[in-house]
Amino acid sequence: MKFITIDKKNWAKGIEKSRETYRLFGPVKDKNGSFIRDLENDMLPDMSCHDSVLSVKSVLFPQTEKILFTTLDESKEDHHIMKRVPADTRQRAVVGIQPYDAKAIQLVNLNFDTDDYRDPYWCDAYEATTFVGVGINKPGPFDFSTSAGTGPFSETGLDVLMADLDNAYLAKVLTDKGGAFMVSCGFDTIADEKESRALFDILRKEAEKNISSQIDTGKLKDKTVLELHEAPFWDDIAFSCINCGTCTFVCPTCWCFDIQDEAKQKSAGRFRNWDTCMSPLFTKHATGHNPRDSKTQRVRQRFMHKLKYFLDKYDQGIMCVGCGRCVKSCPVNIDIREVCKIMNSYEKKE
Ligand code: SF4
Ligand code: SF4
């Protein structure tokens with residue numbers, strides 16, 4: 001493992017140089033908050049951003065993506081035959097992301113890249129992407145990442161983990177992809193390995209000490225799906241929910257989508273759009289039947305998926321990295337930490 005020191009005076013020049021090889025993405029602040037954007041022209045990632053509204057998931061799995069297209073012009077031999085929009089396989093790097101968002105990408109991978117089915121849109125984007133995270137020295141009040149199997153200096157899913165040392169960055173190169181990105185920036189000042197490891201360790205421990213919020217998930221596995229599904233608390237949890245879907249849209253691990261076809265004059269496209277299990281329309285059948293037509297059913301689905309079904313199916317922990325975005329964004333203060341506590345401690349009365 002290699003450690004590289006980057007003087008902040010050289011940062012902008014290095015990032016600029018990497019554009020010869022990479023298309024860059026990173027957090028950018030505007031009046032609505034920080035978002036992961038395409039860093040066009042000479043834009044730099046905001047390395048101090050630890051609370052992007054949306055996560056890096058939005059780069060690999062955009063809110064709206066045209067996946068197929070066709071012509072409706074019947075004079076053309078291939079009219080009405082859907083073809084894939086050519087994949088953008090250019091190398092890309094997302095720079096300055098929160099470390100636990102890279103772990104979230106690994107969780108979403110479990111759904112999009114399986115033995116039975118490989119989602120080409122997600123997988124092509126994933127393979128073309130280098131993930132460069134920056135450790136969070138001062139986690140915010142909604143962060144419960146350490147009890148969700150990750151943390152403010154988590155390395156899972158990252159190619160490079162950087163530490164912000166005021167005047168410099170210390171980069172821990174975790175993969176060959178990460179090494180190639182550093183080379184493309186011209187960052188090559190090797191730091192002492194032992195000292196660097198010790199420094200990362202100190203920063204990680206300091207950051208983790210600042211996390212005051214924890215969840216306990218230890219008993220979720222022992223409960224049966226039916227026991228939790230039929231538990232009496234769901235009406236109370238769902239009571240104030242307005243089914244706005246915000247919690248699912250901001251979540252780095254939510255992957256639900258819908259497909260829509262649109263036609264304009266002689267051309268048509270098929271689009272994949274984010275969708276949400278919190279919307280009644282999401283599960284409405286063409287017959288009019290809706291298997292989840294009540295608010296309680298939809299709220300239960302969200303939490304059961306994250307805290308029980310996923311846990312049982314993949315044995316990779318819960319489908320949550322503890323970023324706290326849903327807690328911060330919910331307009332009626334529904335809090336996954338509280339719901340987890342209720343589910344984890346629930347004992348069915350005989
Ligand atoms: S953000 Fe809150 S109110 Fe909106 S759907 Fe989620 S839990 Fe319900
Ligand atoms: S469920 Fe909430 S806290 Fe967990 S990863 Fe999603 S947005 Fe973050």
# chains A, B, ... in the order shown; residues from 1 in each chain; ligands from 1

call {"tool": "closest_atom_pairs", "arguments": {"of": "chain A", "to": "ligand 2", "cutoff": "9 Å", "atoms": "only C-alpha atoms and all ligand atoms", "output": "JSON lines"}}
result
{"residue": "A:Tyr100", "atom": "CA", "partner": "ligand 2", "partner_atom_place_in_ligand_line": "5 (S)", "distance": 8.6}
{"residue": "A:Asp101", "atom": "CA", "partner": "ligand 2", "partner_atom_place_in_ligand_line": "5 (S)", "distance": 8.1}
{"residue": "A:Ala104", "atom": "CA", "partner": "ligand 2", "partner_atom_place_in_ligand_line": "5 (S)", "distance": 7.1}
{"residue": "A:Phe142", "atom": "CA", "partner": "ligand 2", "partner_atom_place_in_ligand_line": "3 (S)", "distance": 8.1}
{"residue": "A:Asp143", "atom": "CA", "partner": "ligand 2", "partner_atom_place_in_ligand_line": "3 (S)", "distance": 7.6}
{"residue": "A:Phe144", "atom": "CA", "partner": "ligand 2", "partner_atom_place_in_ligand_line": "3 (S)", "distance": 7.5}
{"residue": "A:Ser145", "atom": "CA", "partner": "ligand 2", "partner_atom_place_in_ligand_line": "3 (S)", "distance": 8.0}
{"residue": "A:Ala148", "atom": "CA", "partner": "ligand 2", "partner_atom_place_in_ligand_line": "4 (Fe)", "distance": 8.0}
{"residue": "A:Cys247", "atom": "CA", "partner": "ligand 2", "partner_atom_place_in_ligand_line": "7 (S)", "distance": 6.1}
{"residue": "A:Thr248", "atom": "CA", "partner": "ligand 2", "partner_atom_place_in_ligand_line": "7 (S)", "distance": 6.9}
{"residue": "A:Phe249", "atom": "CA", "partner": "ligand 2", "partner_atom_place_in_ligand_line": "7 (S)", "distance": 8.2}
{"residue": "A:Val250", "atom": "CA", "partner": "ligand 2", "partner_atom_place_in_ligand_line": "7 (S)", "distance": 5.8}
{"residue": "A:Cys251", "atom": "CA", "partner": "ligand 2", "partner_atom_place_in_ligand_line": "7 (S)", "distance": 3.6}
{"residue": "A:Pro252", "atom": "CA", "partner": "ligand 2", "partner_atom_place_in_ligand_line": "5 (S)", "distance": 5.5}
{"residue": "A:Thr253", "atom": "CA", "partner": "ligand 2", "partner_atom_place_in_ligand_line": "6 (Fe)", "distance": 5.7}
{"residue": "A:Cys254", "atom": "CA", "partner": "ligand 2", "partner_atom_place_in_ligand_line": "6 (Fe)", "distance": 6.9}
{"residue": "A:Arg302", "atom": "CA", "partner": "ligand 2", "partner_atom_place_in_ligand_line": "1 (S)", "distance": 8.8}
{"residue": "A:Phe303", "atom": "CA", "partner": "ligand 2", "partner_atom_place_in_ligand_line": "1 (S)", "distance": 8.3}
{"residue": "A:Lys306", "atom": "CA", "partner": "ligand 2", "partner_atom_place_in_ligand_line": "1 (S)", "distance": 7.0}
{"residue": "A:Ile318", "atom": "CA", "partner": "ligand 2", "partner_atom_place_in_ligand_line": "4 (Fe)", "distance": 8.7}
{"residue": "A:Met319", "atom": "CA", "partner": "ligand 2", "partner_atom_place_in_ligand_line": "5 (S)", "distance": 6.9}
{"residue": "A:Cys320", "atom": "CA", "partner": "ligand 2", "partner_atom_place_in_ligand_line": "4 (Fe)", "distance": 3.7}
{"residue": "A:Val321", "atom": "CA", "partner": "ligand 2", "partner_atom_place_in_ligand_line": "5 (S)", "distance": 4.3}
{"residue": "A:Gly322", "atom": "CA", "partner": "ligand 2", "partner_atom_place_in_ligand_line": "3 (S)", "distance": 4.1}
{"residue": "A:Cys323", "atom": "CA", "partner": "ligand 2", "partner_atom_place_in_ligand_line": "8 (Fe)", "distance": 4.0}
{"residue": "A:Gly324", "atom": "CA", "partner": "ligand 2", "partner_atom_place_in_ligand_line": "3 (S)", "distance": 3.8}
{"residue": "A:Arg325", "atom": "CA", "partner": "ligand 2", "partner_atom_place_in_ligand_line": "7 (S)", "distance": 4.4}
{"residue": "A:Cys326", "atom": "CA", "partner": "ligand 2", "partner_atom_place_in_ligand_line": "2 (Fe)", "distance": 4.2}
{"residue": "A:Val327", "atom": "CA", "partner": "ligand 2", "partner_atom_place_in_ligand_line": "2 (Fe)", "distance": 6.2}
{"residue": "A:Lys328", "atom": "CA", "partner": "ligand 2", "partner_atom_place_in_ligand_line": "2 (Fe)", "distance": 8.7}
{"residue": "A:Ser329", "atom": "CA", "partner": "ligand 2", "partner_atom_place_in_ligand_line": "7 (S)", "distance": 8.8}
{"residue": "A:Asp335", "atom": "CA", "partner": "ligand 2", "partner_atom_place_in_ligand_line": "2 (Fe)", "distance": 8.3}
{"residue": "A:Ile336", "atom": "CA", "partner": "ligand 2", "partner_atom_place_in_ligand_line": "2 (Fe)", "distance": 6.5}
{"residue": "A:Arg337", "atom": "CA", "partner": "ligand 2", "partner_atom_place_in_ligand_line": "3 (S)", "distance": 8.1}

call {"tool": "write_last_selection", "arguments": {"atoms": "C-alpha atoms", "output": "tab-separated table (two decimals), in the first residue's frame"}}
result
chain	number	residue	atom	x	y	z
A	100	TYR	CA	-19.41	5.47	3.46
A	101	ASP	CA	-20.99	6.34	0.10
A	104	ALA	CA	-23.12	1.99	-0.33
A	142	PHE	CA	-26.93	12.57	11.89
A	143	ASP	CA	-23.97	10.27	11.22
A	144	PHE	CA	-24.32	6.78	12.71
A	145	SER	CA	-22.02	5.12	10.20
A	148	ALA	CA	-24.00	0.58	10.31
A	247	CYS	CA	-35.87	9.41	2.21
A	248	THR	CA	-35.45	7.00	-0.69
A	249	PHE	CA	-34.21	9.57	-3.21
A	250	VAL	CA	-31.44	10.83	-0.92
A	251	CYS	CA	-30.43	7.32	0.16
A	252	PRO	CA	-27.14	6.04	-1.31
A	253	THR	CA	-28.37	2.42	-1.10
A	254	CYS	CA	-31.89	2.70	-2.59
A	302	ARG	CA	-38.97	0.49	3.24
A	303	PHE	CA	-37.77	-0.47	6.69
A	306	LYS	CA	-33.36	-2.14	4.62
A	318	ILE	CA	-28.17	-3.90	6.80
A	319	MET	CA	-28.95	-1.96	3.62
A	320	CYS	CA	-27.88	1.30	5.23
A	321	VAL	CA	-24.49	2.92	5.72
A	322	GLY	CA	-25.59	5.30	8.46
A	323	CYS	CA	-25.12	8.50	6.47
A	324	GLY	CA	-28.15	10.07	8.16
A	325	ARG	CA	-29.45	11.73	4.96
A	326	CYS	CA	-32.95	10.29	5.36
A	327	VAL	CA	-33.10	11.41	8.99
A	328	LYS	CA	-31.99	14.93	8.11
A	329	SER	CA	-34.32	15.23	5.10
A	335	ASP	CA	-35.92	8.40	11.98
A	336	ILE	CA	-34.47	5.06	10.83
A	337	ARG	CA	-32.43	4.90	14.05

call {"tool": "residues_near_ligand", "arguments": {"ligand": "ligand 1", "cutoff": "8 Å", "atoms": "only C-alpha atoms and all ligand atoms", "output": "ChimeraX atom specification"}}
result
/A:238,240-248,278-279,299,326-327,329-335

call {"tool": "write_last_selection", "arguments": {"atoms": "N, CA and C atoms", "output": "PDB file, in the first residue's frame"}}
result
ATOM      1  N   ALA A 238     -45.771   4.769  10.768  1.00  0.00           N
ATOM      2  CA  ALA A 238     -46.192   5.350   9.485  1.00  0.00           C
ATOM      3  C   ALA A 238     -47.113   6.567   9.643  1.00  0.00           C
ATOM      4  N   SER A 240     -47.224   9.670  10.631  1.00  0.00           N
ATOM      5  CA  SER A 240     -46.966  11.040  10.146  1.00  0.00           C
ATOM      6  C   SER A 240     -46.372  11.083   8.738  1.00  0.00           C
ATOM      7  N   CYS A 241     -46.057   9.918   8.159  1.00  0.00           N
ATOM      8  CA  CYS A 241     -45.410   9.907   6.837  1.00  0.00           C
ATOM      9  C   CYS A 241     -46.339  10.485   5.766  1.00  0.00           C
ATOM     10  N   ILE A 242     -45.783  11.326   4.917  1.00  0.00           N
ATOM     11  CA  ILE A 242     -46.595  11.895   3.835  1.00  0.00           C
ATOM     12  C   ILE A 242     -46.239  11.249   2.486  1.00  0.00           C
ATOM     13  N   ASN A 243     -45.474  10.165   2.556  1.00  0.00           N
ATOM     14  CA  ASN A 243     -45.093   9.409   1.348  1.00  0.00           C
ATOM     15  C   ASN A 243     -44.459  10.302   0.270  1.00  0.00           C
ATOM     16  N   CYS A 244     -43.629  11.233   0.703  1.00  0.00           N
ATOM     17  CA  CYS A 244     -43.012  12.142  -0.270  1.00  0.00           C
ATOM     18  C   CYS A 244     -41.874  11.477  -1.029  1.00  0.00           C
ATOM     19  N   GLY A 245     -41.302  10.413  -0.448  1.00  0.00           N
ATOM     20  CA  GLY A 245     -40.225   9.673  -1.129  1.00  0.00           C
ATOM     21  C   GLY A 245     -38.835  10.266  -0.933  1.00  0.00           C
ATOM     22  N   THR A 246     -38.740  11.385  -0.248  1.00  0.00           N
ATOM     23  CA  THR A 246     -37.432  12.034  -0.067  1.00  0.00           C
ATOM     24  C   THR A 246     -36.395  11.071   0.517  1.00  0.00           C
ATOM     25  N   CYS A 247     -36.810  10.314   1.538  1.00  0.00           N
ATOM     26  CA  CYS A 247     -35.868   9.411   2.213  1.00  0.00           C
ATOM     27  C   CYS A 247     -35.231   8.433   1.240  1.00  0.00           C
ATOM     28  N   THR A 248     -35.990   7.985   0.255  1.00  0.00           N
ATOM     29  CA  THR A 248     -35.452   7.000  -0.687  1.00  0.00           C
ATOM     30  C   THR A 248     -34.604   7.672  -1.761  1.00  0.00           C
ATOM     31  N   MET A 278     -42.150   4.298  -1.620  1.00  0.00           N
ATOM     32  CA  MET A 278     -43.061   5.089  -0.801  1.00  0.00           C
ATOM     33  C   MET A 278     -44.227   5.641  -1.625  1.00  0.00           C
ATOM     34  N   SER A 279     -44.158   5.490  -2.929  1.00  0.00           N
ATOM     35  CA  SER A 279     -45.239   6.004  -3.772  1.00  0.00           C
ATOM     36  C   SER A 279     -46.268   4.908  -4.060  1.00  0.00           C
ATOM     37  N   VAL A 299     -44.483   2.120   4.193  1.00  0.00           N
ATOM     38  CA  VAL A 299     -43.453   2.463   5.183  1.00  0.00           C
ATOM     39  C   VAL A 299     -42.819   1.171   5.713  1.00  0.00           C
ATOM     40  N   CYS A 326     -31.490  10.422   5.280  1.00  0.00           N
ATOM     41  CA  CYS A 326     -32.953  10.294   5.358  1.00  0.00           C
ATOM     42  C   CYS A 326     -33.480  10.918   6.646  1.00  0.00           C
ATOM     43  N   VAL A 327     -32.677  10.836   7.706  1.00  0.00           N
ATOM     44  CA  VAL A 327     -33.100  11.408   8.989  1.00  0.00           C
ATOM     45  C   VAL A 327     -33.150  12.928   8.866  1.00  0.00           C
ATOM     46  N   SER A 329     -33.441  14.697   6.140  1.00  0.00           N
ATOM     47  CA  SER A 329     -34.323  15.234   5.098  1.00  0.00           C
ATOM     48  C   SER A 329     -35.804  14.983   5.317  1.00  0.00           C
ATOM     49  N   CYS A 330     -36.141  14.042   6.175  1.00  0.00           N
ATOM     50  CA  CYS A 330     -37.566  13.701   6.313  1.00  0.00           C
ATOM     51  C   CYS A 330     -38.343  14.893   6.886  1.00  0.00           C
ATOM     52  N   PRO A 331     -39.371  15.356   6.180  1.00  0.00           N
ATOM     53  CA  PRO A 331     -40.098  16.536   6.663  1.00  0.00           C
ATOM     54  C   PRO A 331     -40.893  16.297   7.940  1.00  0.00           C
ATOM     55  N   VAL A 332     -41.104  15.017   8.299  1.00  0.00           N
ATOM     56  CA  VAL A 332     -41.893  14.761   9.513  1.00  0.00           C
ATOM     57  C   VAL A 332     -41.085  14.002  10.571  1.00  0.00           C
ATOM     58  N   ASN A 333     -39.775  14.019  10.390  1.00  0.00           N
ATOM     59  CA  ASN A 333     -38.848  13.453  11.393  1.00  0.00           C
ATOM     60  C   ASN A 333     -39.001  11.953  11.647  1.00  0.00           C
ATOM     61  N   ILE A 334     -39.293  11.206  10.614  1.00  0.00           N
ATOM     62  CA  ILE A 334     -39.256   9.749  10.791  1.00  0.00           C
ATOM     63  C   ILE A 334     -37.778   9.348  10.728  1.00  0.00           C
ATOM     64  N   ASP A 335     -37.349   8.595  11.736  1.00  0.00           N
ATOM     65  CA  ASP A 335     -35.920   8.397  11.978  1.00  0.00           C
ATOM     66  C   ASP A 335     -35.598   6.899  11.942  1.00  0.00           C
TER      67      ASP A 335
END

call {"tool": "closest_residue", "arguments": {"among": "A:Ser34, A:Gln260, A:Ser184, A:Thr224", "to": "A:Ser55", "atoms": "only C-alpha atoms"}}
result
A:Ser34

call {"tool": "atom_distance", "arguments": {"atom1": "atom CA of A:Pro152", "atom2": "atom CA of A:Lys138"}}
result
8.5 Å

call {"tool": "closest_residue", "arguments": {"among": "A:Gly149, A:Gly140, A:Gly135, A:Gly96", "to": "A:Ile202", "atoms": "only C-alpha atoms"}}
result
A:Gly135

call {"tool": "select_by_dssp", "arguments": {"residues": "stretch 213-248 of chain A", "states": "alpha helix (DSSP H)", "output": "PyMOL selection string"}}
result
chain A and resi 225-229+234-238+246-248
